[in-house]
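Below is the file run-v8.pdb, which contains PDB, C-alpha atoms.
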```pdb
ATOM      1  CA  MET A   1     109.037  64.525   8.571
ATOM      2  CA  PRO A   2     109.050  68.127   9.858
ATOM      3  CA  ALA A   3     110.555  68.899  13.246
ATOM      4  CA  ARG A   4     108.059  68.860  16.099
ATOM      5  CA  PRO A   5     107.321  72.170  17.808
ATOM      6  CA  ALA A   6     109.118  73.011  21.025
ATOM      7  CA  GLY A   7     107.144  72.522  24.210
ATOM      8  CA  GLU A   8     105.487  69.796  26.171
ATOM      9  CA  CYS A   9     102.071  68.223  26.148
ATOM     10  CA  SER A  10     101.804  66.064  29.229
ATOM     11  CA  SER A  11      99.067  64.681  31.442
ATOM     12  CA  ASP A  12      98.588  64.684  35.191
ATOM     13  CA  ALA A  13     100.849  62.211  36.972
ATOM     14  CA  GLY A  14      99.532  58.675  37.065
ATOM     15  CA  ILE A  15      96.605  58.958  34.680
ATOM     16  CA  ALA A  16      98.506  57.725  31.631
ATOM     17  CA  GLU A  17      98.916  54.317  33.292
ATOM     18  CA  GLU A  18      96.056  51.839  33.335
ATOM     19  CA  ALA A  19      93.971  52.069  36.504
ATOM     20  CA  SER A  20      93.702  48.944  38.653
ATOM     21  CA  PRO A  21      90.397  47.608  40.044
ATOM     22  CA  ASP A  22      91.241  49.105  43.453
ATOM     23  CA  SER A  23      92.268  52.542  42.108
ATOM     24  CA  PRO A  24      90.357  55.518  43.525
ATOM     25  CA  LEU A  25      87.457  56.674  41.345
ATOM     26  CA  ASP A  26      89.073  60.039  40.578
ATOM     27  CA  LYS A  27      92.067  58.291  38.964
ATOM     28  CA  VAL A  28      89.789  55.908  37.029
ATOM     29  CA  PHE A  29      87.600  58.749  35.744
ATOM     30  CA  LYS A  30      90.565  60.979  34.805
ATOM     31  CA  ARG A  31      92.065  58.037  32.905
ATOM     32  CA  LYS A  32      88.794  57.459  30.996
ATOM     33  CA  ILE A  33      88.620  61.155  30.049
ATOM     34  CA  LEU A  34      92.226  60.978  28.775
ATOM     35  CA  GLU A  35      91.420  57.791  26.805
ATOM     36  CA  ASP A  36      88.544  59.574  25.042
ATOM     37  CA  TYR A  37      90.959  62.307  23.950
ATOM     38  CA  GLN A  38      93.561  59.707  22.913
ATOM     39  CA  ALA A  39      90.991  58.177  20.549
ATOM     40  CA  GLY A  40      91.637  61.198  18.296
ATOM     41  CA  ILE A  41      95.195  59.961  17.638
ATOM     42  CA  ASP A  42      94.420  57.772  14.668
ATOM     43  CA  GLY A  43      97.339  58.391  12.333
ATOM     44  CA  SER A  44      95.244  60.300   9.815
ATOM     45  CA  THR A  45      96.510  63.458   8.164
ATOM     46  CA  GLY A  46      95.803  66.447  10.370
ATOM     47  CA  ALA A  47      95.237  64.371  13.517
ATOM     48  CA  PRO A  48      97.344  65.097  16.607
ATOM     49  CA  VAL A  49     100.367  62.882  17.209
ATOM     50  CA  LYS A  50     100.149  63.211  21.013
ATOM     51  CA  VAL A  51      97.622  64.525  23.528
ATOM     52  CA  GLY A  52      97.609  65.348  27.223
ATOM     53  CA  VAL A  53      95.159  66.435  29.907
ATOM     54  CA  THR A  54      95.928  68.425  33.046
ATOM     55  CA  PHE A  55      93.206  69.029  35.622
ATOM     56  CA  GLU A  56      92.934  72.266  37.608
ATOM     57  CA  ALA A  57      89.761  71.121  39.373
ATOM     58  CA  PHE A  58      88.059  67.733  39.627
ATOM     59  CA  GLN A  59      84.901  67.004  41.595
ATOM     60  CA  ILE A  60      82.823  63.817  41.782
ATOM     61  CA  GLY A  61      79.209  64.428  42.805
ATOM     62  CA  GLU A  62      76.671  62.195  44.499
ATOM     63  CA  PRO A  63      75.752  59.300  42.211
ATOM     64  CA  ARG A  64      72.295  58.760  40.787
ATOM     65  CA  ILE A  65      70.841  55.464  39.584
ATOM     66  CA  ASN A  66      70.480  54.434  35.931
ATOM     67  CA  ARG A  67      66.709  54.154  35.413
ATOM     68  CA  MET A  68      64.090  53.767  32.786
ATOM     69  CA  THR A  69      62.623  57.084  31.625
ATOM     70  CA  PRO A  70      59.700  57.713  29.255
ATOM     71  CA  GLN A  71      62.361  57.914  26.486
ATOM     72  CA  GLY A  72      64.013  54.626  27.541
ATOM     73  CA  LEU A  73      66.991  53.741  29.712
ATOM     74  CA  GLU A  74      69.085  56.810  30.635
ATOM     75  CA  PHE A  75      72.348  55.012  29.733
ATOM     76  CA  VAL A  76      71.448  52.348  27.181
ATOM     77  CA  LYS A  77      74.768  50.490  27.422
ATOM     78  CA  SER A  78      74.642  50.344  31.222
ATOM     79  CA  PRO A  79      72.441  48.059  33.353
ATOM     80  CA  VAL A  80      69.389  49.325  35.206
ATOM     81  CA  GLY A  81      70.370  50.220  38.759
ATOM     82  CA  GLU A  82      74.014  51.040  37.955
ATOM     83  CA  LYS A  83      75.388  54.168  39.688
ATOM     84  CA  ILE A  84      76.034  57.192  37.453
ATOM     85  CA  TYR A  85      78.645  59.569  38.887
ATOM     86  CA  PRO A  86      78.434  63.209  37.770
ATOM     87  CA  VAL A  87      81.913  64.675  37.356
ATOM     88  CA  LYS A  88      82.743  68.369  37.083
ATOM     89  CA  THR A  89      86.198  69.428  35.890
ATOM     90  CA  ARG A  90      88.248  72.364  34.781
ATOM     91  CA  HIS A  91      91.005  70.995  32.585
ATOM     92  CA  THR A  92      93.376  71.781  29.748
ATOM     93  CA  PHE A  93      93.406  69.501  26.732
ATOM     94  CA  CYS A  94      96.720  69.715  24.886
ATOM     95  CA  ARG A  95      97.322  68.464  21.328
ATOM     96  CA  VAL A  96     100.706  68.091  19.633
ATOM     97  CA  TYR A  97     100.642  68.250  15.844
ATOM     98  CA  ASN A  98     103.654  67.945  13.555
ATOM     99  CA  ASN A  99     104.016  71.733  13.419
ATOM    100  CA  ALA A 100     102.050  73.147  16.379
ATOM    101  CA  ILE A 101     100.810  72.652  19.922
ATOM    102  CA  THR A 102      97.319  73.739  20.937
ATOM    103  CA  ARG A 103      95.849  73.970  24.422
ATOM    104  CA  THR A 104      92.130  74.315  25.111
ATOM    105  CA  LEU A 105      90.683  75.076  28.546
ATOM    106  CA  TYR A 106      87.416  73.252  29.253
ATOM    107  CA  GLU A 107      84.787  73.289  31.900
ATOM    108  CA  GLY A 108      83.992  69.618  31.687
ATOM    109  CA  ARG A 109      80.827  67.820  32.671
ATOM    110  CA  TYR A 110      80.853  64.027  32.497
ATOM    111  CA  ASP A 111      78.605  61.173  33.540
ATOM    112  CA  CYS A 112      80.791  58.225  34.547
ATOM    113  CA  VAL A 113      79.103  54.827  34.630
ATOM    114  CA  LYS A 114      79.966  51.150  34.152
ATOM    115  CA  ASP A 115      78.767  49.639  30.895
ATOM    116  CA  GLY A 116      77.194  46.195  30.481
ATOM    117  CA  HIS A 117      80.689  44.606  30.502
ATOM    118  CA  GLY A 118      81.685  46.267  33.790
ATOM    119  CA  ASP A 119      84.037  48.773  32.122
ATOM    120  CA  TRP A 120      83.916  52.444  33.074
ATOM    121  CA  THR A 121      82.941  55.069  30.510
ATOM    122  CA  CYS A 122      82.801  58.847  31.040
ATOM    123  CA  PRO A 123      80.967  60.549  28.155
ATOM    124  CA  PRO A 124      80.571  64.342  28.237
ATOM    125  CA  GLY A 125      77.334  65.486  29.816
ATOM    126  CA  PRO A 126      75.298  68.676  29.550
ATOM    127  CA  GLY A 127      77.247  71.844  30.281
ATOM    128  CA  HIS A 128      80.560  70.691  28.756
ATOM    129  CA  ARG A 129      82.103  73.836  27.218
ATOM    130  CA  ILE A 130      85.244  75.589  26.038
ATOM    131  CA  LEU A 131      86.444  78.398  28.307
ATOM    132  CA  GLY A 132      89.356  79.551  26.182
ATOM    133  CA  TYR A 133      92.677  78.795  24.571
ATOM    134  CA  ARG A 134      96.136  78.865  26.113
TER     135      ARG A 134
END
```
Let me see the structure of the file written as structure tokens.
Amino acid sequence: MPARPAGECSSDAGIAEEASPDSPLDKVFKRKILEDYQAGIDGSTGAPVKVGVTFEAFQIGEPRINRMTPQGLEFVKSPVGEKIYPVKTRHTFCRVYNNAITRTLYEGRYDCVKDGHGDWTCPPGPGHRILGYR
């Protein structure tokens, strides 16, 4: 196995650990965003071997309610009436590969909501974009 590149690819303090039911929403949402990035570590050739997320800005907006629209339920896997929290971030997503480290700066937009099992999910929303590379 080739030597790993020098450097670090860490995450904000505390978000790598599982959030508890009484954790503040910002920690829960940051953790869910990190988990989505960690899903890309699947052991396949060319996949990263480690990832990290550091947040420069993180803002939770006023929640809206999951409702039926003419196209159907806004969040299909979430119950009607569940609160949807809009989240705006500026964060760096770091990936460690066997021979390189990459860092991508994002302006993130997420909609965080509980699914039908009561678990939080934070899929990217409209306006999620790459700002540059570091």
Which segment 8-31 of chain A residues have any atom within 9 Å of an atom of segment 56-73 of chain A, and for each, what is the nearest pair of atoms with distance in Å to one decimal, counting all atoms listed in the file, rows sorted by chain and number, as JSON lines?
```
{"residue": "A:Leu25", "atom": "CA", "partner": "A:Ile60", "partner_atom": "CA", "distance": 8.5}
{"residue": "A:Asp26", "atom": "CA", "partner": "A:Ile60", "partner_atom": "CA", "distance": 7.4}
{"residue": "A:Lys30", "atom": "CA", "partner": "A:Phe58", "partner_atom": "CA", "distance": 8.7}
```
For atom CA of Arg90 of chain A and atom CA of Gly40 of chain A, quote the distance in Å rounded to one decimal.
->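 Atom CA of Arg90 of chain A sits 20.2 Å away from atom CA of Gly40 of chain A.
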For Glu8 of chain A, please output as an NGL selection string all residues within 12 Å (counting only C-alpha atoms; exclusion window: fewer than 3 positions along the same chain).
-> :A and (4-5 or 11 or 50-54 or 94-97 or 100-103)
Residues returned when the PyMOL selection byres ((chain A and resi 114-128) around 7) runs on this file, as a PyMOL selection string = chain A and resi 29+32-33+77-79+107-113+129
Figure out the distance between atom CA of Ser20 of chain A and atom CA of Leu34 of chain A, please, to one decimal in Å.
->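 Taking atom CA of Leu34 of chain A and atom CA of Ser20 of chain A, their separation equals 15.6 Å.
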Translate the PyMOL selection byres ((chain A and resi 132) around 8), as applied to the file shown, into an explicit residue set as an mmCIF file with C-alpha atoms, in the coordinates of the input.
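To be explicit, this is the file written out as selection.cif:
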```
data_model
loop_
_atom_site.group_PDB
_atom_site.id
_atom_site.type_symbol
_atom_site.label_atom_id
_atom_site.label_comp_id
_atom_site.auth_asym_id
_atom_site.auth_seq_id
_atom_site.Cartn_x
_atom_site.Cartn_y
_atom_site.Cartn_z
ATOM 1 C CA THR A 104 92.130 74.315 25.111
ATOM 2 C CA LEU A 105 90.683 75.076 28.546
ATOM 3 C CA TYR A 106 87.416 73.252 29.253
ATOM 4 C CA ILE A 130 85.244 75.589 26.038
ATOM 5 C CA LEU A 131 86.444 78.398 28.307
ATOM 6 C CA TYR A 133 92.677 78.795 24.571
ATOM 7 C CA ARG A 134 96.136 78.865 26.113
#
```
Evaluate the PyMOL selection byres ((chain A and resi 15) around 7) and record the selected residues as a PyMOL selection string, following the chain and residue labels used in the document.
-> chain A and resi 12-14+16-17+27+30-31
In Å to one decimal, how far is atom CA of Tyr37 of chain A from atom CA of Thr92 of chain A?
-> 11.4 Å
Generate a file for segment 17-66 of chain A, containing N, CA and C atoms, as a CSV table (one decimal), in the first residue's frame.
```
chain,number,residue,atom,x,y,z
A,17,GLU,N,-18.6,12.2,16.9
A,17,GLU,CA,-19.3,11.3,17.8
A,17,GLU,C,-20.8,11.4,17.6
A,18,GLU,N,-21.5,10.3,17.9
A,18,GLU,CA,-22.9,10.2,17.7
A,18,GLU,C,-23.6,11.2,18.6
A,19,ALA,N,-24.6,11.9,18.1
A,19,ALA,CA,-25.3,12.9,18.8
A,19,ALA,C,-26.3,12.2,19.7
A,20,SER,N,-26.6,12.7,20.9
A,20,SER,CA,-27.5,12.2,21.8
A,20,SER,C,-28.9,12.8,21.6
A,21,PRO,N,-30.0,12.3,22.1
A,21,PRO,CA,-31.3,12.8,21.9
A,21,PRO,C,-31.4,14.3,22.4
A,22,ASP,N,-30.6,14.6,23.4
A,22,ASP,CA,-30.7,16.0,23.9
A,22,ASP,C,-29.6,16.9,23.4
A,23,SER,N,-28.9,16.5,22.3
A,23,SER,CA,-27.9,17.3,21.7
A,23,SER,C,-28.5,18.5,21.0
A,24,PRO,N,-27.8,19.7,21.0
A,24,PRO,CA,-28.4,20.8,20.3
A,24,PRO,C,-28.5,20.5,18.8
A,25,LEU,N,-29.5,21.1,18.1
A,25,LEU,CA,-29.8,20.8,16.7
A,25,LEU,C,-28.6,21.1,15.8
A,26,ASP,N,-27.8,22.1,16.1
A,26,ASP,CA,-26.6,22.4,15.3
A,26,ASP,C,-25.7,21.2,15.3
A,27,LYS,N,-25.4,20.6,16.4
A,27,LYS,CA,-24.5,19.4,16.5
A,27,LYS,C,-25.2,18.2,15.7
A,28,VAL,N,-26.5,18.0,15.9
A,28,VAL,CA,-27.2,16.9,15.2
A,28,VAL,C,-27.1,17.1,13.7
A,29,PHE,N,-27.3,18.3,13.2
A,29,PHE,CA,-27.3,18.6,11.8
A,29,PHE,C,-25.9,18.5,11.2
A,30,LYS,N,-24.9,19.0,11.9
A,30,LYS,CA,-23.6,18.9,11.4
A,30,LYS,C,-23.2,17.4,11.3
A,31,ARG,N,-23.5,16.6,12.3
A,31,ARG,CA,-23.2,15.2,12.3
A,31,ARG,C,-23.9,14.5,11.1
A,32,LYS,N,-25.1,14.8,10.8
A,32,LYS,CA,-25.8,14.2,9.7
A,32,LYS,C,-25.2,14.6,8.3
A,33,ILE,N,-24.7,15.9,8.2
A,33,ILE,CA,-24.0,16.3,7.0
A,33,ILE,C,-22.7,15.5,6.9
A,34,LEU,N,-21.9,15.3,8.0
A,34,LEU,CA,-20.7,14.5,7.9
A,34,LEU,C,-21.0,13.1,7.6
A,35,GLU,N,-22.1,12.5,8.1
A,35,GLU,CA,-22.4,11.1,7.8
A,35,GLU,C,-22.7,10.9,6.3
A,36,ASP,N,-23.4,11.9,5.7
A,36,ASP,CA,-23.6,11.8,4.2
A,36,ASP,C,-22.3,11.8,3.5
A,37,TYR,N,-21.3,12.6,3.9
A,37,TYR,CA,-20.0,12.5,3.2
A,37,TYR,C,-19.3,11.2,3.5
A,38,GLN,N,-19.4,10.7,4.7
A,38,GLN,CA,-18.8,9.4,5.1
A,38,GLN,C,-19.4,8.3,4.3
A,39,ALA,N,-20.6,8.4,3.8
A,39,ALA,CA,-21.1,7.3,2.9
A,39,ALA,C,-20.3,7.1,1.7
A,40,GLY,N,-19.5,8.0,1.3
A,40,GLY,CA,-18.6,7.9,0.1
A,40,GLY,C,-17.4,7.0,0.4
A,41,ILE,N,-17.2,6.6,1.7
A,41,ILE,CA,-16.0,5.8,2.0
A,41,ILE,C,-16.6,4.3,2.0
A,42,ASP,N,-16.4,3.7,0.8
A,42,ASP,CA,-17.0,2.4,0.7
A,42,ASP,C,-16.0,1.3,0.3
A,43,GLY,N,-14.7,1.6,0.4
A,43,GLY,CA,-13.7,0.6,0.1
A,43,GLY,C,-13.5,0.4,-1.4
A,44,SER,N,-14.2,1.0,-2.3
A,44,SER,CA,-14.0,0.8,-3.7
A,44,SER,C,-12.7,1.5,-4.2
A,45,THR,N,-12.2,1.1,-5.2
A,45,THR,CA,-11.0,1.7,-5.8
A,45,THR,C,-11.3,3.1,-6.2
A,46,GLY,N,-10.5,4.0,-5.8
A,46,GLY,CA,-10.7,5.4,-6.1
A,46,GLY,C,-11.5,6.2,-5.1
A,47,ALA,N,-12.1,5.5,-4.2
A,47,ALA,CA,-12.9,6.2,-3.1
A,47,ALA,C,-12.0,6.7,-2.1
A,48,PRO,N,-12.4,7.8,-1.4
A,48,PRO,CA,-11.5,8.3,-0.3
A,48,PRO,C,-11.4,7.3,0.8
A,49,VAL,N,-10.3,7.3,1.6
A,49,VAL,CA,-10.2,6.4,2.7
A,49,VAL,C,-10.6,7.1,4.1
A,50,LYS,N,-10.7,8.5,4.0
A,50,LYS,CA,-11.1,9.3,5.2
A,50,LYS,C,-11.7,10.6,4.7
A,51,VAL,N,-12.7,11.1,5.4
A,51,VAL,CA,-13.2,12.4,5.0
A,51,VAL,C,-13.3,13.2,6.3
A,52,GLY,N,-13.5,14.5,6.1
A,52,GLY,CA,-13.7,15.5,7.2
A,52,GLY,C,-14.5,16.7,6.8
A,53,VAL,N,-15.1,17.3,7.7
A,53,VAL,CA,-15.9,18.5,7.4
A,53,VAL,C,-15.6,19.6,8.5
A,54,THR,N,-15.2,20.8,8.0
A,54,THR,CA,-15.0,21.9,9.0
A,54,THR,C,-16.0,23.0,8.5
A,55,PHE,N,-16.7,23.6,9.5
A,55,PHE,CA,-17.7,24.6,9.2
A,55,PHE,C,-17.1,26.0,9.5
A,56,GLU,N,-17.2,26.9,8.5
A,56,GLU,CA,-16.8,28.3,8.8
A,56,GLU,C,-18.1,29.1,9.2
A,57,ALA,N,-19.2,28.7,8.7
A,57,ALA,CA,-20.5,29.4,9.1
A,57,ALA,C,-21.6,28.3,9.1
A,58,PHE,N,-22.5,28.4,10.0
A,58,PHE,CA,-23.6,27.5,10.2
A,58,PHE,C,-24.8,28.2,10.7
A,59,GLN,N,-25.9,28.2,10.0
A,59,GLN,CA,-27.1,28.9,10.4
A,59,GLN,C,-28.3,28.1,10.2
A,60,ILE,N,-29.1,27.9,11.2
A,60,ILE,CA,-30.4,27.2,11.1
A,60,ILE,C,-31.5,28.3,11.0
A,61,GLY,N,-32.3,28.2,10.0
A,61,GLY,CA,-33.4,29.1,9.8
A,61,GLY,C,-34.7,28.7,10.5
A,62,GLU,N,-35.7,29.5,10.3
A,62,GLU,CA,-37.0,29.2,10.9
A,62,GLU,C,-37.6,28.0,10.2
A,63,PRO,N,-38.1,27.0,10.9
A,63,PRO,CA,-38.6,25.8,10.3
A,63,PRO,C,-40.0,26.1,9.6
A,64,ARG,N,-40.2,25.3,8.6
A,64,ARG,CA,-41.5,25.2,7.9
A,64,ARG,C,-42.1,23.9,8.1
A,65,ILE,N,-43.3,23.7,7.8
A,65,ILE,CA,-44.0,22.4,8.0
A,65,ILE,C,-44.1,21.5,6.8
A,66,ASN,N,-43.8,20.3,6.9
A,66,ASN,CA,-43.9,19.3,5.8
A,66,ASN,C,-45.4,19.2,5.4
```
